[in-house]
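*Asks:* To be precise about what I am sending: the file is called run.cif and holds mmCIF, C-alpha atoms.
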```
data_query
loop_
_atom_site.label_atom_id
_atom_site.label_comp_id
_atom_site.auth_asym_id
_atom_site.auth_seq_id
_atom_site.Cartn_x
_atom_site.Cartn_y
_atom_site.Cartn_z
CA MET D 5 0.03 3.08 -46.67
CA LYS D 6 2.55 2.85 -43.85
CA THR D 7 0.99 1.62 -40.67
CA ASN D 8 2.04 1.83 -37.04
CA ASN D 9 0.16 -1.28 -36.09
CA LYS D 10 2.77 -3.56 -34.56
CA LYS D 11 0.34 -6.47 -34.25
CA PRO D 12 0.75 -7.04 -30.52
CA PHE D 13 -0.31 -10.19 -28.73
CA LEU D 14 -3.71 -11.25 -30.11
CA ASN D 15 -3.72 -7.94 -31.99
CA MET D 16 -5.37 -6.20 -29.05
CA ASP D 17 -5.69 -2.47 -28.84
CA GLU D 18 -6.31 -0.50 -25.66
CA ARG D 19 -10.09 -1.00 -25.79
CA ASN D 20 -9.74 -4.77 -26.25
CA LYS D 21 -7.30 -4.87 -23.36
CA GLN D 22 -9.64 -2.84 -21.13
CA ILE D 23 -12.49 -5.23 -21.86
CA ALA D 24 -10.24 -8.26 -21.36
CA TYR D 25 -8.98 -6.91 -18.01
CA LYS D 26 -12.53 -6.24 -16.88
CA VAL D 27 -13.78 -9.70 -17.86
CA ILE D 28 -10.71 -11.40 -16.35
CA SER D 29 -11.16 -9.46 -13.08
CA ILE D 30 -14.82 -10.41 -12.80
CA MET D 31 -14.12 -14.06 -13.62
CA TYR D 32 -11.22 -14.13 -11.15
CA PHE D 33 -13.45 -12.66 -8.45
CA LEU D 34 -16.21 -15.20 -9.16
CA THR D 35 -13.68 -18.06 -9.13
CA ILE D 36 -12.26 -16.99 -5.78
CA ILE D 37 -15.75 -16.65 -4.32
CA ALA D 38 -16.69 -20.09 -5.67
CA ILE D 39 -13.55 -21.74 -4.28
CA GLN D 40 -14.06 -20.03 -0.93
CA GLY D 41 -17.65 -21.31 -0.97
CA ILE D 42 -16.40 -24.84 -1.63
CA VAL D 43 -13.89 -24.60 1.22
CA ILE D 44 -16.58 -23.40 3.66
CA TYR D 45 -19.04 -26.03 2.43
CA ARG D 46 -16.52 -28.84 2.82
CA GLN D 47 -15.40 -27.62 6.20
CA PHE D 48 -18.75 -26.88 7.80
CA ALA D 49 -21.45 -28.69 5.83
CA LEU D 50 -19.56 -31.91 5.07
CA GLY D 51 -17.43 -31.67 8.21
CA GLN D 52 -14.23 -32.59 6.37
CA GLU D 53 -10.84 -32.09 7.95
CA ILE D 54 -8.63 -29.34 6.52
CA GLY D 55 -6.23 -32.11 5.45
CA ASP D 56 -8.85 -33.29 2.97
CA PHE D 57 -8.71 -30.04 1.01
CA GLU D 58 -5.37 -28.65 2.12
CA ASP D 59 -4.25 -27.99 -1.45
CA ILE D 60 -7.27 -25.77 -2.17
CA ALA D 61 -6.91 -24.00 1.19
CA ILE D 62 -3.20 -23.27 0.54
CA ILE D 63 -3.89 -21.94 -2.96
CA MET D 64 -6.71 -19.75 -1.63
CA THR D 65 -4.60 -18.38 1.22
CA ILE D 66 -1.58 -17.60 -0.95
CA ASN D 67 -3.80 -16.14 -3.65
CA SER D 68 -5.65 -13.83 -1.28
CA LEU D 69 -2.44 -12.76 0.44
CA PHE D 70 -0.69 -11.98 -2.82
CA LEU D 71 -3.74 -10.25 -4.26
CA VAL D 72 -3.96 -7.75 -1.39
CA SER D 73 -0.16 -7.42 -1.30
CA ALA D 74 0.03 -6.63 -5.02
CA LEU D 75 -2.86 -4.17 -4.78
CA LEU D 76 -1.09 -2.39 -1.92
CA TYR D 77 2.35 -2.41 -3.56
CA PHE D 78 1.20 -1.21 -6.97
CA GLY D 79 -1.01 1.50 -5.49
CA ALA D 80 -4.44 0.13 -6.37
CA ILE D 81 -5.45 0.51 -2.72
CA GLN D 82 -4.73 4.07 -1.78
CA VAL D 83 -3.07 4.34 1.61
CA ARG D 84 -2.65 8.05 2.30
CA ARG D 85 -0.98 7.90 5.67
CA LEU D 86 -0.52 4.93 7.93
CA LYS D 87 -2.09 5.97 11.21
CA ILE D 88 -1.41 3.80 14.25
CA LYS D 89 -5.03 4.19 15.37
CA SER D 90 -6.51 2.88 12.13
CA ILE D 91 -3.95 0.04 11.95
CA ILE D 92 -4.88 -1.06 15.45
CA LEU D 93 -8.58 -0.81 14.60
CA ILE D 94 -8.19 -2.95 11.44
CA TYR D 95 -6.06 -5.43 13.38
CA ALA D 96 -8.70 -5.63 16.12
CA VAL D 97 -11.46 -6.23 13.56
CA PHE D 98 -9.44 -9.05 11.94
CA VAL D 99 -8.68 -10.58 15.35
CA VAL D 100 -12.36 -10.47 16.36
CA LEU D 101 -13.40 -12.05 13.04
CA GLY D 102 -10.67 -14.69 13.31
CA THR D 103 -11.64 -15.48 16.89
CA LEU D 104 -15.32 -15.81 15.97
CA PHE D 105 -14.41 -18.04 13.05
CA THR D 106 -12.19 -20.23 15.24
CA TYR D 107 -14.85 -20.44 17.94
CA ALA D 108 -17.54 -21.34 15.38
CA LYS D 109 -15.30 -23.94 13.78
CA TYR D 110 -14.35 -25.79 16.95
CA ASN D 111 -17.21 -25.16 19.38
CA ILE D 112 -20.31 -24.85 17.18
CA PHE D 113 -19.68 -27.11 14.21
CA GLN D 114 -17.76 -29.73 16.15
CA SER D 115 -18.80 -31.62 19.21
CA PRO D 116 -17.36 -32.00 21.71
CA GLY D 117 -15.91 -28.51 21.44
CA LEU D 118 -12.54 -27.38 22.71
CA SER D 119 -11.88 -26.42 26.29
CA PHE D 120 -11.12 -22.79 27.09
CA GLU D 121 -7.37 -23.45 27.26
CA GLN D 122 -7.33 -25.27 23.94
CA LEU D 123 -9.40 -22.52 22.35
CA PHE D 124 -7.08 -19.89 23.81
CA ASP D 125 -4.08 -21.66 22.24
CA LYS D 126 -5.81 -21.57 18.86
CA ILE D 127 -6.69 -17.89 19.27
CA ILE D 128 -3.05 -17.07 20.10
CA ILE D 129 -2.09 -18.60 16.74
CA VAL D 130 -4.82 -16.54 15.02
CA ILE D 131 -3.60 -13.33 16.68
CA THR D 132 0.01 -14.04 15.69
CA ILE D 133 -0.77 -14.92 12.07
CA ILE D 134 -3.01 -11.86 11.64
CA GLY D 135 -0.24 -9.72 13.14
CA LEU D 136 2.31 -11.14 10.70
CA ILE D 137 -0.02 -10.63 7.73
CA MET D 138 -0.81 -7.06 8.78
CA GLY D 139 2.90 -6.36 9.24
CA PHE D 140 3.63 -7.74 5.78
CA TRP D 141 0.88 -5.59 4.23
CA ILE D 142 2.06 -2.45 6.04
CA LEU D 143 5.61 -3.11 4.81
CA LEU D 144 4.41 -3.60 1.25
CA SER D 145 2.25 -0.49 1.21
CA PHE D 146 5.22 1.47 2.60
CA LEU D 147 7.52 0.05 -0.11
CA GLY D 148 4.88 0.73 -2.78
CA LYS D 149 4.59 4.32 -1.64
CA LYS D 150 8.39 4.69 -1.71
CA ARG D 151 8.50 3.22 -5.22
CA LEU D 152 5.85 5.66 -6.42
CA GLU D 153 7.63 8.62 -4.85
CA LYS D 154 10.86 7.52 -6.52
CA GLU D 155 9.10 7.41 -9.89
CA LEU D 156 7.76 10.92 -9.31
CA GLU D 157 11.21 12.36 -8.57
CA MET N 16 -48.90 14.71 -28.51
CA GLN N 17 -45.25 14.71 -29.46
CA TYR N 18 -43.12 17.83 -29.38
CA ILE N 19 -40.26 18.24 -31.80
CA TYR N 20 -37.38 19.48 -29.72
CA CYS N 21 -34.99 21.53 -31.77
CA ASP N 22 -32.45 23.27 -29.63
CA MET N 23 -29.08 24.33 -31.01
CA GLU N 24 -27.36 23.48 -27.78
CA TYR N 25 -28.84 20.02 -27.89
CA LEU N 26 -27.81 19.57 -31.50
CA TYR N 27 -24.30 20.71 -30.63
CA TYR N 28 -24.30 18.25 -27.75
CA LEU N 29 -25.27 15.44 -30.12
CA TYR N 30 -22.62 16.64 -32.58
CA CYS N 31 -20.00 16.30 -29.88
CA MET N 32 -21.36 13.11 -28.38
CA GLU N 33 -21.10 11.45 -31.73
CA ASN N 34 -17.61 12.63 -32.45
CA MET N 35 -18.41 14.19 -35.81
CA LYS N 36 -15.27 16.31 -35.65
CA LEU N 37 -13.16 13.19 -35.77
CA LYS N 38 -15.27 11.62 -38.46
CA LEU N 39 -15.11 14.75 -40.64
CA ALA N 40 -11.34 15.09 -40.17
CA ARG N 41 -10.87 11.46 -41.11
CA VAL N 42 -13.04 11.74 -44.22
CA GLU N 43 -11.34 14.99 -45.22
CA LYS N 44 -8.03 13.17 -45.03
CA GLY N 45 -9.46 10.45 -47.26
CA LEU N 46 -9.03 7.69 -44.73
CA SER N 47 -11.35 4.86 -43.93
CA GLN N 48 -11.86 3.75 -40.34
CA GLN N 49 -9.61 0.77 -41.05
CA ASP N 50 -6.85 3.01 -42.46
CA LEU N 51 -6.94 5.25 -39.43
CA ALA N 52 -7.02 2.24 -37.13
CA ASP N 53 -3.95 0.77 -38.82
CA LEU N 54 -2.10 4.08 -38.62
CA VAL N 55 -2.68 4.52 -34.90
CA GLY N 56 -2.37 0.85 -33.94
CA ALA N 57 -5.99 0.31 -32.98
CA THR N 58 -8.83 -1.76 -34.37
CA ARG N 59 -11.53 -0.51 -36.75
CA GLN N 60 -14.15 -1.16 -34.07
CA THR N 61 -12.34 1.12 -31.63
CA ILE N 62 -12.24 3.96 -34.14
CA GLY N 63 -15.92 3.37 -34.91
CA LEU N 64 -16.83 3.48 -31.24
CA ILE N 65 -14.82 6.67 -30.68
CA GLU N 66 -16.68 8.29 -33.56
CA LYS N 67 -19.96 7.10 -32.10
CA GLY N 68 -18.97 8.56 -28.74
CA LYS N 69 -19.26 5.19 -27.09
CA TYR N 70 -15.62 4.76 -26.11
CA ASN N 71 -13.34 7.22 -24.35
CA PRO N 72 -9.86 6.75 -25.81
CA SER N 73 -6.74 7.21 -23.73
CA LEU N 74 -4.77 10.42 -24.10
CA ASN N 75 -2.06 8.45 -25.93
CA LEU N 76 -4.51 7.27 -28.55
CA CYS N 77 -6.03 10.75 -28.87
CA VAL N 78 -2.58 12.20 -29.53
CA LYS N 79 -1.82 9.50 -32.11
CA ILE N 80 -5.11 10.15 -33.92
CA ALA N 81 -4.57 13.92 -33.83
CA LYS N 82 -1.06 13.54 -35.26
CA VAL N 83 -2.19 11.25 -38.05
CA LEU N 84 -5.01 13.62 -39.00
CA ASN N 85 -2.78 16.73 -38.65
CA ARG N 86 -5.12 18.28 -36.10
CA THR N 87 -4.82 19.37 -32.50
CA LEU N 88 -6.51 17.62 -29.63
CA ASN N 89 -8.79 20.65 -29.29
CA ASP N 90 -9.87 20.33 -32.92
CA LEU N 91 -10.92 16.74 -32.48
CA PHE N 92 -11.88 16.13 -28.90
CA TRP N 93 -12.77 19.40 -27.21
CA TYR N 94 -16.26 20.74 -27.01
CA GLU N 95 -17.81 23.54 -25.01
CA ASN N 96 -20.25 22.32 -22.40
CA LYS N 97 -22.67 25.16 -21.76
#
```
What do you get writing this file as structure tokens?

*Replies:*
Amino acid sequence: MKTNNKKPFLNMDERNKQIAYKVISIMYFLTIIAIQGIVIYRQFALGQEIGDFEDIAIIMTINSLFLVSALLYFGAIQVRRLKIKSIILIYAVFVVLGTLFTYAKYNIFQSPGLSFEQLFDKIIIVITIIGLIMGFWILLSFLGKKRLEKELE
Amino acid sequence: MQYIYCDMEYLYYLYCMENMKLKLARVEKGLSQQDLADLVGATRQTIGLIEKGKYNPSLNLCVKIAKVLNRTLNDLFWYENK
């Protein structure tokens, strides 16, 4: 009997692949959460400097950035229309969270804490980095939308 | 006290839930689950689960199965939901 089975990688069919994707996604999510937990534990509970776990922090940052970027570009996160109001709102939420995090890091978990000027300098960096990240994500979601529209033509 | 529930609609529902149409078409064609799986590029377990109604195949796989069994998609996968 002639068969169409081309014996793909690991001989997986669509159901096997679906299950594999699901398991991989869950394990990836758990790994990221665990690593993030380690970073927070080291930073706040053990009071280690970022330099002590810079490698993990860099991997986490790049990973999270690329994850959201890829989700936006490939259309997993549906962005119907980019409204200025909602962009500003999301940006403001991120800035508030970043500011709270920075404040907690330097003035609650460290003593003596930073002066207002020093804290302000740190917050300026937070605002700038969040702005750059948001800009990058907006660009990617715009490019992803363009790509999808091109495919539909 | 246990009631025996015998409703034609319910029986039809069960008939469709366990994809008997697919199973019958496959048996009529003289194919085993493994044969059908090989012909459509799937595994025997996947075919078994489709027949049991426990896996929703993609449209691509449905079309492949329908072509191999010389049936239409309606013949194999459509059922009236009253």

*Asks:* List, as JSON, numbers by chain, every residue that the PyMOL selection byres ((chain N) within 10 of (chain D)) selects in the file provided.

*Replies:* {"N": [50, 51, 52, 53, 54, 55, 56, 57, 58, 60, 61, 62, 64, 70, 71, 72, 73, 75, 76, 79]}

*Asks:* Store the residues picked out above, limited to C-alpha atoms, as a compact mmCIF listing (two decimals), in the coordinates of the input.

*Replies:*
```txt
# COMPACT_ATOMS: atom_id res chain seq x y z
CA ASP N 50 -6.85 3.01 -42.46
CA LEU N 51 -6.94 5.25 -39.43
CA ALA N 52 -7.02 2.24 -37.13
CA ASP N 53 -3.95 0.77 -38.82
CA LEU N 54 -2.10 4.08 -38.62
CA VAL N 55 -2.68 4.52 -34.90
CA GLY N 56 -2.37 0.85 -33.94
CA ALA N 57 -5.99 0.31 -32.98
CA THR N 58 -8.83 -1.76 -34.37
CA GLN N 60 -14.15 -1.16 -34.07
CA THR N 61 -12.34 1.12 -31.63
CA ILE N 62 -12.24 3.96 -34.14
CA LEU N 64 -16.83 3.48 -31.24
CA TYR N 70 -15.62 4.76 -26.11
CA ASN N 71 -13.34 7.22 -24.35
CA PRO N 72 -9.86 6.75 -25.81
CA SER N 73 -6.74 7.21 -23.73
CA ASN N 75 -2.06 8.45 -25.93
CA LEU N 76 -4.51 7.27 -28.55
CA LYS N 79 -1.82 9.50 -32.11
```

*Asks:* Where does the PyMOL selection byres ((chain D and resi 34-50) around 9) land in this file, that is, which residues does it pick, as a PyMOL selection string?

*Replies:* chain D and resi 29-33+51-54+56-57+60-61+64+67-68+109+113-114

*Asks:* Expand the PyMOL selection byres ((chain N and resi 33-48) around 10) into the individual residues it matches in the shown file, reporting them as a ChimeraX atom specification.

*Replies:* /N:27-32,49-54,58-69,80-81,83-86,90-94

*Asks:* Calculate, to one decimal in Å, the centre and edge lengths of the box along x, y and z of the file that holds all listed atoms of range 138-151 of chain D with 3 Å of margin on each side, and present them as JSON.

*Replies:*
```
{"center_x": 3.8, "center_y": -1.5, "center_z": 2.0, "size_x": 15.3, "size_y": 18.4, "size_z": 20.5}
```

*Asks:* Using only C-alpha atoms, which protein or nucleic acid residues come within 12 Å of Leu143 in chain D? Drop anything in the same chain fewer than 5 positions from it, and give the result as a list in words.

*Replies:*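 In the requested format, the answer is Ser73, Ala74, Leu76, Tyr77, Val83, Leu86, Leu136, Ile137, Met138, Gly148, Lys149 and Lys150 of chain D.
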
*Asks:* Tell me, in Å to one decimal, how far CA of Asn111 in chain D is from CA of Lys126 in chain D.

*Replies:*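 Calculated distance between CA of Asn111 in chain D and CA of Lys126 in chain D is 12.0 Å.
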
*Asks:* So how far away is CA of Asp59 in chain D from CA of Lys26 in chain D, in Å?

*Replies:* 27.9 Å

*Asks:* Report the distance between CA of Ala96 in chain D and CA of Phe124 in chain D in Å, rounded to one decimal place.

*Replies:*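 These two atoms are separated by 16.3 Å.
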
*Asks:* Using all atoms listed in the file, pick whichever of D:Phe105, D:Phe98, D:Phe140, D:Phe70 has the shortest atom-to-atom distance to Leu123 in chain D.

*Replies:*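 The shortest atom-to-atom distance to Leu123 in chain D comes from D:Phe105.
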
*Asks:* Which polymer residues have any atom within 8 Å of an atom of range 128-135 of chain D, counting only C-alpha atoms, with same-chain residues fewer than 6 positions away left out, as a short mmCIF file (atom, residue, chain, number, x, y, z; two decimals) with C-alpha atoms, in the frame of the given file?

*Replies:*
```cif
data_model
loop_
_atom_site.label_atom_id
_atom_site.label_comp_id
_atom_site.auth_asym_id
_atom_site.auth_seq_id
_atom_site.Cartn_x
_atom_site.Cartn_y
_atom_site.Cartn_z
CA TYR D 95 -6.06 -5.43 13.38
CA PHE D 98 -9.44 -9.05 11.94
CA VAL D 99 -8.68 -10.58 15.35
CA GLY D 102 -10.67 -14.69 13.31
CA THR D 103 -11.64 -15.48 16.89
#
```

*Asks:* For range 68-79 of chain D, which lacks atoms in the input, supply all heavy atoms and format the output as a PDB file, in the coordinates of the input.

*Replies:*
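That gives us result.pdb:
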```pdb
ATOM      1  N   SER D  68      -5.078 -15.012  -1.936  1.00  0.00           N
ATOM      2  CA  SER D  68      -5.650 -13.830  -1.280  1.00  0.00           C
ATOM      3  C   SER D  68      -4.558 -12.924  -0.730  1.00  0.00           C
ATOM      4  O   SER D  68      -4.621 -11.699  -0.879  1.00  0.00           O
ATOM      5  CB  SER D  68      -6.570 -14.252  -0.131  1.00  0.00           C
ATOM      6  OG  SER D  68      -7.480 -15.210  -0.581  1.00  0.00           O
ATOM      7  N   LEU D  69      -3.537 -13.554  -0.121  1.00  0.00           N
ATOM      8  CA  LEU D  69      -2.440 -12.760   0.440  1.00  0.00           C
ATOM      9  C   LEU D  69      -1.721 -11.965  -0.638  1.00  0.00           C
ATOM     10  O   LEU D  69      -1.475 -10.763  -0.483  1.00  0.00           O
ATOM     11  CB  LEU D  69      -1.428 -13.695   1.122  1.00  0.00           C
ATOM     12  CG  LEU D  69      -1.720 -14.083   2.568  1.00  0.00           C
ATOM     13  CD1 LEU D  69      -0.697 -15.092   3.045  1.00  0.00           C
ATOM     14  CD2 LEU D  69      -1.681 -12.848   3.450  1.00  0.00           C
ATOM     15  N   PHE D  70      -1.414 -12.646  -1.743  1.00  0.00           N
ATOM     16  CA  PHE D  70      -0.690 -11.980  -2.820  1.00  0.00           C
ATOM     17  C   PHE D  70      -1.546 -10.942  -3.536  1.00  0.00           C
ATOM     18  O   PHE D  70      -1.039  -9.930  -4.009  1.00  0.00           O
ATOM     19  CB  PHE D  70      -0.105 -12.996  -3.796  1.00  0.00           C
ATOM     20  CG  PHE D  70       1.210 -13.548  -3.338  1.00  0.00           C
ATOM     21  CD1 PHE D  70       1.262 -14.612  -2.467  1.00  0.00           C
ATOM     22  CD2 PHE D  70       2.404 -12.979  -3.747  1.00  0.00           C
ATOM     23  CE1 PHE D  70       2.469 -15.114  -2.015  1.00  0.00           C
ATOM     24  CE2 PHE D  70       3.621 -13.469  -3.305  1.00  0.00           C
ATOM     25  CZ  PHE D  70       3.653 -14.546  -2.431  1.00  0.00           C
ATOM     26  N   LEU D  71      -2.839 -11.218  -3.611  1.00  0.00           N
ATOM     27  CA  LEU D  71      -3.740 -10.250  -4.260  1.00  0.00           C
ATOM     28  C   LEU D  71      -3.710  -8.922  -3.499  1.00  0.00           C
ATOM     29  O   LEU D  71      -3.444  -7.864  -4.098  1.00  0.00           O
ATOM     30  CB  LEU D  71      -5.165 -10.807  -4.301  1.00  0.00           C
ATOM     31  CG  LEU D  71      -6.218  -9.836  -4.826  1.00  0.00           C
ATOM     32  CD1 LEU D  71      -6.060  -9.642  -6.332  1.00  0.00           C
ATOM     33  CD2 LEU D  71      -7.628 -10.312  -4.524  1.00  0.00           C
ATOM     34  N   VAL D  72      -3.944  -8.994  -2.196  1.00  0.00           N
ATOM     35  CA  VAL D  72      -3.960  -7.750  -1.390  1.00  0.00           C
ATOM     36  C   VAL D  72      -2.576  -7.113  -1.398  1.00  0.00           C
ATOM     37  O   VAL D  72      -2.447  -5.890  -1.527  1.00  0.00           O
ATOM     38  CB  VAL D  72      -4.457  -8.041   0.045  1.00  0.00           C
ATOM     39  CG1 VAL D  72      -4.419  -6.786   0.891  1.00  0.00           C
ATOM     40  CG2 VAL D  72      -5.862  -8.611   0.021  1.00  0.00           C
ATOM     41  N   SER D  73      -1.529  -7.956  -1.308  1.00  0.00           N
ATOM     42  CA  SER D  73      -0.160  -7.420  -1.300  1.00  0.00           C
ATOM     43  C   SER D  73       0.134  -6.665  -2.594  1.00  0.00           C
ATOM     44  O   SER D  73       0.667  -5.549  -2.568  1.00  0.00           O
ATOM     45  CB  SER D  73       0.850  -8.552  -1.150  1.00  0.00           C
ATOM     46  OG  SER D  73       0.530  -9.340  -0.047  1.00  0.00           O
ATOM     47  N   ALA D  74      -0.235  -7.275  -3.724  1.00  0.00           N
ATOM     48  CA  ALA D  74       0.030  -6.630  -5.020  1.00  0.00           C
ATOM     49  C   ALA D  74      -0.783  -5.348  -5.158  1.00  0.00           C
ATOM     50  O   ALA D  74      -0.283  -4.336  -5.662  1.00  0.00           O
ATOM     51  CB  ALA D  74      -0.308  -7.598  -6.161  1.00  0.00           C
ATOM     52  N   LEU D  75      -2.031  -5.375  -4.703  1.00  0.00           N
ATOM     53  CA  LEU D  75      -2.860  -4.170  -4.780  1.00  0.00           C
ATOM     54  C   LEU D  75      -2.254  -3.046  -3.951  1.00  0.00           C
ATOM     55  O   LEU D  75      -2.252  -1.888  -4.372  1.00  0.00           O
ATOM     56  CB  LEU D  75      -4.285  -4.471  -4.281  1.00  0.00           C
ATOM     57  CG  LEU D  75      -5.155  -5.360  -5.177  1.00  0.00           C
ATOM     58  CD1 LEU D  75      -6.471  -5.679  -4.484  1.00  0.00           C
ATOM     59  CD2 LEU D  75      -5.426  -4.709  -6.517  1.00  0.00           C
ATOM     60  N   LEU D  76      -1.715  -3.410  -2.780  1.00  0.00           N
ATOM     61  CA  LEU D  76      -1.090  -2.390  -1.920  1.00  0.00           C
ATOM     62  C   LEU D  76       0.201  -1.875  -2.545  1.00  0.00           C
ATOM     63  O   LEU D  76       0.445  -0.680  -2.592  1.00  0.00           O
ATOM     64  CB  LEU D  76      -0.793  -2.989  -0.541  1.00  0.00           C
ATOM     65  CG  LEU D  76      -1.981  -3.117   0.413  1.00  0.00           C
ATOM     66  CD1 LEU D  76      -1.612  -3.997   1.587  1.00  0.00           C
ATOM     67  CD2 LEU D  76      -2.449  -1.763   0.899  1.00  0.00           C
ATOM     68  N   TYR D  77       1.030  -2.807  -3.043  1.00  0.00           N
ATOM     69  CA  TYR D  77       2.350  -2.410  -3.560  1.00  0.00           C
ATOM     70  C   TYR D  77       2.223  -1.553  -4.830  1.00  0.00           C
ATOM     71  O   TYR D  77       2.941  -0.575  -4.992  1.00  0.00           O
ATOM     72  CB  TYR D  77       3.189  -3.663  -3.844  1.00  0.00           C
ATOM     73  CG  TYR D  77       4.590  -3.331  -4.291  1.00  0.00           C
ATOM     74  CD1 TYR D  77       5.516  -2.846  -3.377  1.00  0.00           C
ATOM     75  CD2 TYR D  77       4.971  -3.485  -5.614  1.00  0.00           C
ATOM     76  CE1 TYR D  77       6.799  -2.523  -3.776  1.00  0.00           C
ATOM     77  CE2 TYR D  77       6.255  -3.165  -6.021  1.00  0.00           C
ATOM     78  CZ  TYR D  77       7.164  -2.687  -5.102  1.00  0.00           C
ATOM     79  OH  TYR D  77       8.429  -2.354  -5.490  1.00  0.00           O
ATOM     80  N   PHE D  78       1.306  -1.944  -5.705  1.00  0.00           N
ATOM     81  CA  PHE D  78       1.200  -1.210  -6.970  1.00  0.00           C
ATOM     82  C   PHE D  78       0.259  -0.007  -6.893  1.00  0.00           C
ATOM     83  O   PHE D  78      -0.016   0.644  -7.906  1.00  0.00           O
ATOM     84  CB  PHE D  78       0.786  -2.147  -8.103  1.00  0.00           C
ATOM     85  CG  PHE D  78       1.852  -3.153  -8.431  1.00  0.00           C
ATOM     86  CD1 PHE D  78       1.692  -4.485  -8.124  1.00  0.00           C
ATOM     87  CD2 PHE D  78       3.036  -2.754  -9.024  1.00  0.00           C
ATOM     88  CE1 PHE D  78       2.685  -5.408  -8.398  1.00  0.00           C
ATOM     89  CE2 PHE D  78       4.045  -3.665  -9.308  1.00  0.00           C
ATOM     90  CZ  PHE D  78       3.867  -5.000  -8.997  1.00  0.00           C
ATOM     91  N   GLY D  79      -0.250   0.258  -5.694  1.00  0.00           N
ATOM     92  CA  GLY D  79      -1.010   1.500  -5.490  1.00  0.00           C
ATOM     93  C   GLY D  79      -2.469   1.434  -5.885  1.00  0.00           C
ATOM     94  O   GLY D  79      -3.087   2.475  -6.077  1.00  0.00           O
TER      95      GLY D  79
END
```
